[in-house]
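Engineer: Please find one structure pasted underneath; my questions will follow.
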Amino acid sequence: MTPSVRLQEMIRVIRSARTQGEERGIIQKECADIRAQFRQGDNGERSHSLAKLLYVHMLGYPAHFGQMECVRLIASPRYSEKRIGYLGAMMLLDEKQDASLLITNSIKNDLSHSSQYVQSLALCTLACMGSAEMCRDLAPEIERLLRASNCYIKKKATLCAVHIIRKVPELAELFTPSARSLLSEKNHGVLHGAVVLITELCEHNPDTLDQFRKAVPELVQIMKGLVTSSYSPEHNVAGISDPFLQVRILRLLRILGHNNDTASDAMNDLLAQVATNTDSSKTAGSAVLYETVLTIMDINSESGLRVLAVNILGRFLLNNDRNIRYISMTSLQKIVQTDHNAVQRHRGTIVDCLKDQDTSVKRRALELSLALVSAVNIRSMMKELLIFLSTCPPELRSQTTSGIFNVAERYSPSKRWHIDTILHVLTTAGGDVRDETVPNLIQLITTASELHCYTVHKLYRALVKEISQQPLVQVACWCIGEYGDLLLKGECEEIEPVQVTEDDVLDALETVLQSHMSSPATRGFALTATMKLSTRITDNVDRIRSIVSIYGSCIDLELQQRAVEYNALFKKYDHMRAAVLERMPVMGKNSPGHTNGDTSGENKEPDPSKPKPVEAGLLSEPASQVCDLLDLLGGTDTPLQPNPAPTSTPTTTSSTDLLDLLGGLEPTPVLTETVYEKNGLRLKIQCDKQTETEVMVTLIGSNSAQNDITNFSLQAAVPKSVQLQMKAPSGNVIPAHGLGQVTQTVVLNNPNKVSLKIRIRVSYSNQGVMHQDTVQIDSFPSPACQPQSALCDTYTSSASP
C-alpha cells in the first residue's frame with residue numbers, strides 16, 4: 001500500500017468514528033506510530049508521517065513533537081521532503097518557538113538555490129512566520145531577490161518584503177529604491193505586490209510620501225490601462241480587468257493624494273473615468289467603485305467629482321445585497337457633515353432602508369436619517385422616525401428615542417409640536433428613554449405658559465389610559481400637581497374639553513400610588529402632586545390628608561419622609577402650606593443650546609414677586625432662625641419671609657456679601673492645557689493642588705462634534721515610584737456641541753520627588769465607532785492657587801468655617 005493511500009486510509013478511519021472517544025483513540029494510536037517513525041531516523045517515510053501529523057494538527061490535537069522533524073526535512077536535499085518540511089514549519093512553528101531560529105540558515109541557503117520552486121518555499125515560509133530576528137538576518141537576501149529577472153520569484157520576494165517591514169519598520173529604507181522600479185513590470189502579480197509594498201512603505205514612513213508622489217502619473221497610466229484594456233481571460237473577474245489590482249492602486253492613490261493638491265489634480269480625471277465606466281452590477285465592479293468613492297472623498301478632489309461619488313453611494317443603496325447597502329450608508333454617514341446637500345438628495349432611499357429586515361442595516365439607516373434632519377424637513381422626517389420607533393427592534397429603541405429628542409430640541413418649529421413629539425415618544429417607548437428626559441420635558445412645559453392647559457389635559461388623558469410608561473406617568477403627575485386647577489376648569493381651546501372632577505384626578509393619582517408597576521420615584525411624583533392639589537381644590541382636602549398620612553409608615557424611606565413632612569405641613573404649619581406648595585417658577589437652562597441628551601442640571605429662576613418656597617426639612621425650625629440661616633451669605637435675591645405675605649418687598653444688602661472680603665480682587669484664572677484633541681473630543685488637564693509630594697489634577701473632556709460621545713473612559717499609568725489614585729468620573733457621556741463636560745480627578749503622590757509623568761489612555765465611542773488613543777503628559781499647568789501664596793492664605797482663612 002502506497003504512503004498516500006495510508007494517509008487517505010487514516011483520514012477515512014478518523015471520519016468514520018462514531019463518537020469523540022473513538023476518534024480520540026484512533027488519533028492516539030496514529031500519533032504513537034508517527035513518533036516511532038520519527039525515532040527510526042532516515043527511513044524514507046518521514047515526509048509521509050509528517051503529512052499525517054499535520055492532518056492531526058488540523059483536527060486540533062497536539063502536534064508539537066513534530067517541530068524538530070520539520071527542521072530536519074527543511075535541511076533535506078530532496079524537494080518533496082523540503083515541501084512537507086516548510087509546510088510543517090508554517091503550521092507548527094511561530095516566532096515564539098525556539099525551533100524557528102534553527103531554520104534561519106536553511107532558509108538563507110534555499111534563497112540562493114538554483115530552483116525557483118525551492119526559493120519560493122523559503123520565501124513563503126519567511127513571509128508567513130518569520131520573526132524579527134529572522135527578518136533582520138535575511139532582509140539583504142530579500143532585497144537582492146527584488147531585482148531578480150524571474151517574475152515568479154520577484155512577486156514572492158515583494159510580499160516577503162511587506163512582512164519584513166511590518167515586523168521591523170526600520171528596515172523600510174532598504175526596500176524603498178527597489179519598490180519604485182517594480183512599477184515598470186508588466187506582470188500583474190509583481191505589480192500587485194509592488195503596490196502593496198509601496199502602500200506599506202508610505203504608511204510606516206510618511207517621509208517617503210514625497211518620493212512616491214512622483215510615481216502618481218505612472219500609477220494613473222497603469223490604472224487607465226486596466227480600465228480600458230480589452231478582455232483578458234487571465235485577469236478578468238465578472239467583466240472587470242483584475243479588480244484586485246485596481247483596488248490596491250486606488251488605495252495607494254488615496255494615500256498619496258491626501259492633503260496634496262498636485263497629486264490630487266493628477267488623478268481627478270482617472271477617478272472620473274473609473275466612476276463612470278465601471279459596471280456595478282457585479283460584486284467586483286462594486287468593490288472598485290467603492291474604493292473609488294473613498295479615494296475621491298479623501299483627496300482634494302473637485303466638487304463635481306464629490307457629488308458623483310455620493311451618487312454612486314446612492315445607487316448602492318438600491319442594491320439587493322445588504323452588505324453593499326450597509327457599507328454605502330457607513331460611507332454616507334462619514335461625509336454627511338461635509339456634503340450635506342449631496343447626501344440629502346438620497347433621503348428617500350435612506351428612509352426606506354429603515355424598513356429593512358437586517359438590524360445592522362436599520363441601525364446605519366437610523367444614524368444617517370438623524371444626521372439628515374434639518375429645519376426644512378423636520379416635520380416629514382419626524383413622521384418617518386416615529387413610525388420607525390413603533391416597529392423598531394428593542395435594541396434600537398434607546399438610540400432612536402435619544403436621536404429623536406436631540407433633533408426635536410434642535411429644530412422644533414414650535415413648542416406645541418415639540419411637546420407633542422416628546423409625549424408621543426414617551427407613550428410609544430417610555431421605558432427606553434434616558435433618565436434626563438423627565439426633567440428636560442418638565443423644563444420645556446414650564447416655559448410654554450400658553451400651553452399649560454393643553455398639556456395638562458393631554459397628559460391626564462394619557463395617564464388614565466396607560467400607567468405602564470414610567471417617564472410619561474412622572475411628567476403627567478408633575479403637571480397635574482402644578483396645573484391641576486386648569487384641568488378642573490375644563491376650558492381648553494386647543495383640545496376637546498373634558499369635564500374632570502376632583503375625585504377623578506385623585507382617583508388617577510391613587511391608582512399610580514397603588515400600582516405594582518410604579519417605581520419609587522414615580523410614587524414620589526404622585527404623592528407630591530396629591531399634596532400640591534390640596535391648595536388647588538376645595539372639597540377633597542380631607543381625602544388628600546388621609547392619602548398622605550397612609551404613606552407616613554411606608555417601607556420606602558424616601559416616600560415615608562415626604563409623607564411625614566407633608567403631614568407636618570397639615571398639622572403644624574398649615575398657615576404656610578399655600579406658600580410652600582404654590583406653582584413652580586419657570587425653569588431655565590444652563591445654556592441656550594442645551595439638548596435632551598445633556599445631563600447638566602437645571603436652573604430654577606426664582607420669581608421676585610413670589611415668596612421663595614421653604615424646604616420641608618427646615619420647617620421644624622422657627623421662621624426667624626430659618627431666615628437668619630439663609631442670610632449668612634447675604635445678597636440673596638429673595639430672602640425667606642416668615643409670613644407669606646405677597647406684598648413684602650425683598651431687600652438686598654451688598655455690604656455684608658462674604659465675597660467682598662477680598663476688596664474687589666479679581667479671581668485667579670484657572671490654567672488648563674489641552675493634551676488631546678481628535679474626532680471632536682478635547683481633553684484638558686487642570687492642576688487643582690500641588691505640594692512637594694502631591695499633585696491633584698482634573699481631566700476635563702468636552703465634545704464639539706455633532707453627536708454625543710458615549711462610553712467615555714480614562715485610564716492612567718505612572719512610574720512605579722509614584723502612587724496613583726483616580727476618583728470616580730462625573731459620567732461617561734459627553735454631550736455634543738460642547739454643551740457639557742465630563743471630569744475626573746487624579747491624585748499623584750510623589751514621596752521620592754521624581755520627575756512626574758503620566759500616560760493617559762482615552763477610550764470613547766463616536767457614532768458607534770470605538771476609538772482608543774494614548775497621551776503622555778510630561779508637565780502640568782501651574783495650579784490656580786499655590787498653597788504658599790499670601791492671597792490664597794487670606795482667602796482660605798476667611799472662607800474656612
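Labels for the C-alpha cells follow display order: chains A, B, ..., residues from 1 in each chain, ligands from 1.
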According to DSSP computed on the backbone, where in range 204-281 of chain A is there strand (DSSP E or B)? Give the residues as a PyMOL selection string.

Structural biologist: chain A and resi 236-237+240-241

Engineer: Write the residues you've just listed into a file as a short mmCIF file (atom, residue, chain, number, x, y, z; two decimals), in the first residue's frame, and include N, CA and C atoms for each of them.

Structural biologist:
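In the end it all went to selection-v8.cif:
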data_model
loop_
_atom_site.label_atom_id
_atom_site.label_comp_id
_atom_site.auth_asym_id
_atom_site.auth_seq_id
_atom_site.Cartn_x
_atom_site.Cartn_y
_atom_site.Cartn_z
N ASN A 236 -9.52 38.58 -15.90
CA ASN A 236 -10.90 39.06 -15.90
C ASN A 236 -11.70 38.40 -14.78
N VAL A 237 -12.42 39.25 -14.00
CA VAL A 237 -13.31 38.76 -12.95
C VAL A 237 -14.65 39.46 -13.12
N ILE A 240 -14.57 42.63 -15.11
CA ILE A 240 -13.66 43.67 -14.63
C ILE A 240 -12.24 43.14 -14.75
N SER A 241 -11.37 43.93 -15.35
CA SER A 241 -9.99 43.51 -15.54
C SER A 241 -9.20 43.68 -14.25
#

Engineer: Find the residues near Val227 in chain A: any atom within 10 Å, counting only C-alpha atoms, skip ones fewer than 6 places away on the same chain, and give them as a PyMOL selection string.

Structural biologist: chain A and resi 221+240-243+246+270+273-274+277-278

Engineer: Quick one: everything within 12 Å of range 194-207 of chain A, counting only C-alpha atoms, minus sequence neighbours fewer than 6 positions away in the same chain. Send it as a VMD selection string.

Structural biologist: chain A and resid 146 151 154 to 188 213 215 to 216 218 to 219 222 to 223 244 to 258

Engineer: Excluding range 722-724 of chain A and any residue of its chain fewer than 3 positions from it, enumerate the residues within 10 Å of it, using only C-alpha atoms, and give them as an MDAnalysis selection string.

Structural biologist: chainID A and resid 693:694 716:719 727 746:758

Engineer: As a PyMOL selection string, please: the residues near range 473-478 of chain A (cut-off 7 Å, only C-alpha atoms, same-chain neighbours under 5 positions excluded).

Structural biologist: chain A and resi 438+442+459-460+463+467+522+525-526+529

Engineer: Would you kindly return, as a PyMOL selection string, each protein, DNA or RNA residue with an atom no farther than 9 Å from any atom of Val293 in chain A, considering only C-alpha atoms and excluding same-chain residues fewer than 2 positions away?

Structural biologist: chain A and resi 271+275+288-291+295-298+306+308-310+312-313+331

Engineer: What separation in Å, quoted to one decimal, exists between CA of Ala429 in chain A and CA of Ser765 in chain A?

Structural biologist: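 Between these atoms lies a distance of 24.2 Å.
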
Engineer: Can you list, as a ChimeraX atom specification, every protein, DNA or RNA residue that comes within 10 Å of Phe65 in chain A when you count only C-alpha atoms, leaving out same-chain residues fewer than 4 positions away?

Structural biologist: /A:31,34-35,38,53,69-70,92

Engineer: Any chance you could export the current selection's N, CA, C and O atoms as a tab-separated table (two decimals), in the first residue's frame?

Structural biologist:
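Output (part_24.tsv):
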chain	number	residue	atom	x	y	z
A	31	CYS	N	-0.68	8.77	16.41
A	31	CYS	CA	0.43	9.60	16.90
A	31	CYS	C	1.56	8.73	17.45
A	31	CYS	O	2.75	9.07	17.30
A	34	ILE	N	3.45	7.54	14.50
A	34	ILE	CA	4.25	8.63	13.90
A	34	ILE	C	5.50	8.88	14.72
A	34	ILE	O	6.60	9.09	14.17
A	35	ARG	N	5.39	8.85	16.06
A	35	ARG	CA	6.58	9.01	16.91
A	35	ARG	C	7.61	7.91	16.64
A	35	ARG	O	8.81	8.17	16.57
A	38	PHE	N	9.45	8.66	13.50
A	38	PHE	CA	10.44	9.72	13.66
A	38	PHE	C	11.70	9.20	14.35
A	38	PHE	O	12.82	9.64	14.04
A	53	LEU	N	0.78	13.85	10.50
A	53	LEU	CA	0.76	14.64	11.72
A	53	LEU	C	0.13	16.02	11.49
A	53	LEU	O	-0.57	16.55	12.35
A	69	GLU	N	11.17	17.58	13.51
A	69	GLU	CA	11.14	16.85	12.25
A	69	GLU	C	11.00	17.82	11.08
A	69	GLU	O	11.54	17.59	10.00
A	70	CYS	N	10.28	18.93	11.29
A	70	CYS	CA	10.18	19.96	10.24
A	70	CYS	C	11.56	20.53	9.94
A	70	CYS	O	11.91	20.74	8.77
A	92	LEU	N	3.28	24.56	12.35
A	92	LEU	CA	3.63	24.18	13.71
A	92	LEU	C	4.56	25.16	14.41
A	92	LEU	O	4.67	25.12	15.64

Engineer: In Å, with one decimal, what is the gap from CA of Arg461 in chain A to CA of Tyr566 in chain A?

Structural biologist: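 So the two atoms, CA of Arg461 in chain A and CA of Tyr566 in chain A, lie 27.2 Å apart.
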
Engineer: Taking the DSSP assignment computed from this structure's backbone, write out as a ChimeraX atom specification all residues of range 403-515 of chain A that belong to alpha helix (DSSP H).

Structural biologist: /A:403-411,415-429,437-447,452-465,470-489,502-514

Engineer: Which residue, A:Ser402, A:Ile760, A:Arg46, A:Arg12, has the smallest gap to Pro735 in chain A when you use only C-alpha atoms?

Structural biologist: A:Ser402

Engineer: CA of Thr672 in chain A to CA of Gln744 in chain A: how many Å, to one decimal?

Structural biologist: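 Interatomic distance here is 14.0 Å.
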
Engineer: Could you check the closest approach to Met587 in chain A for each of A:Ala266, A:Leu145, A:Leu441, A:Cys128 and tell me which residue wins, using only C-alpha atoms?

Structural biologist: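 Once distances to Met587 in chain A are computed over only C-alpha atoms, the minimum belongs to A:Leu441.
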
Engineer: From the options A:Val742, A:Ile700, A:Cys554, A:Ile544, which residue's atoms come nearest to Pro520 in chain A, counting only C-alpha atoms?

Structural biologist: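 Looking only at the distances to Pro520 in chain A, the closest residue turns out to be A:Cys554.
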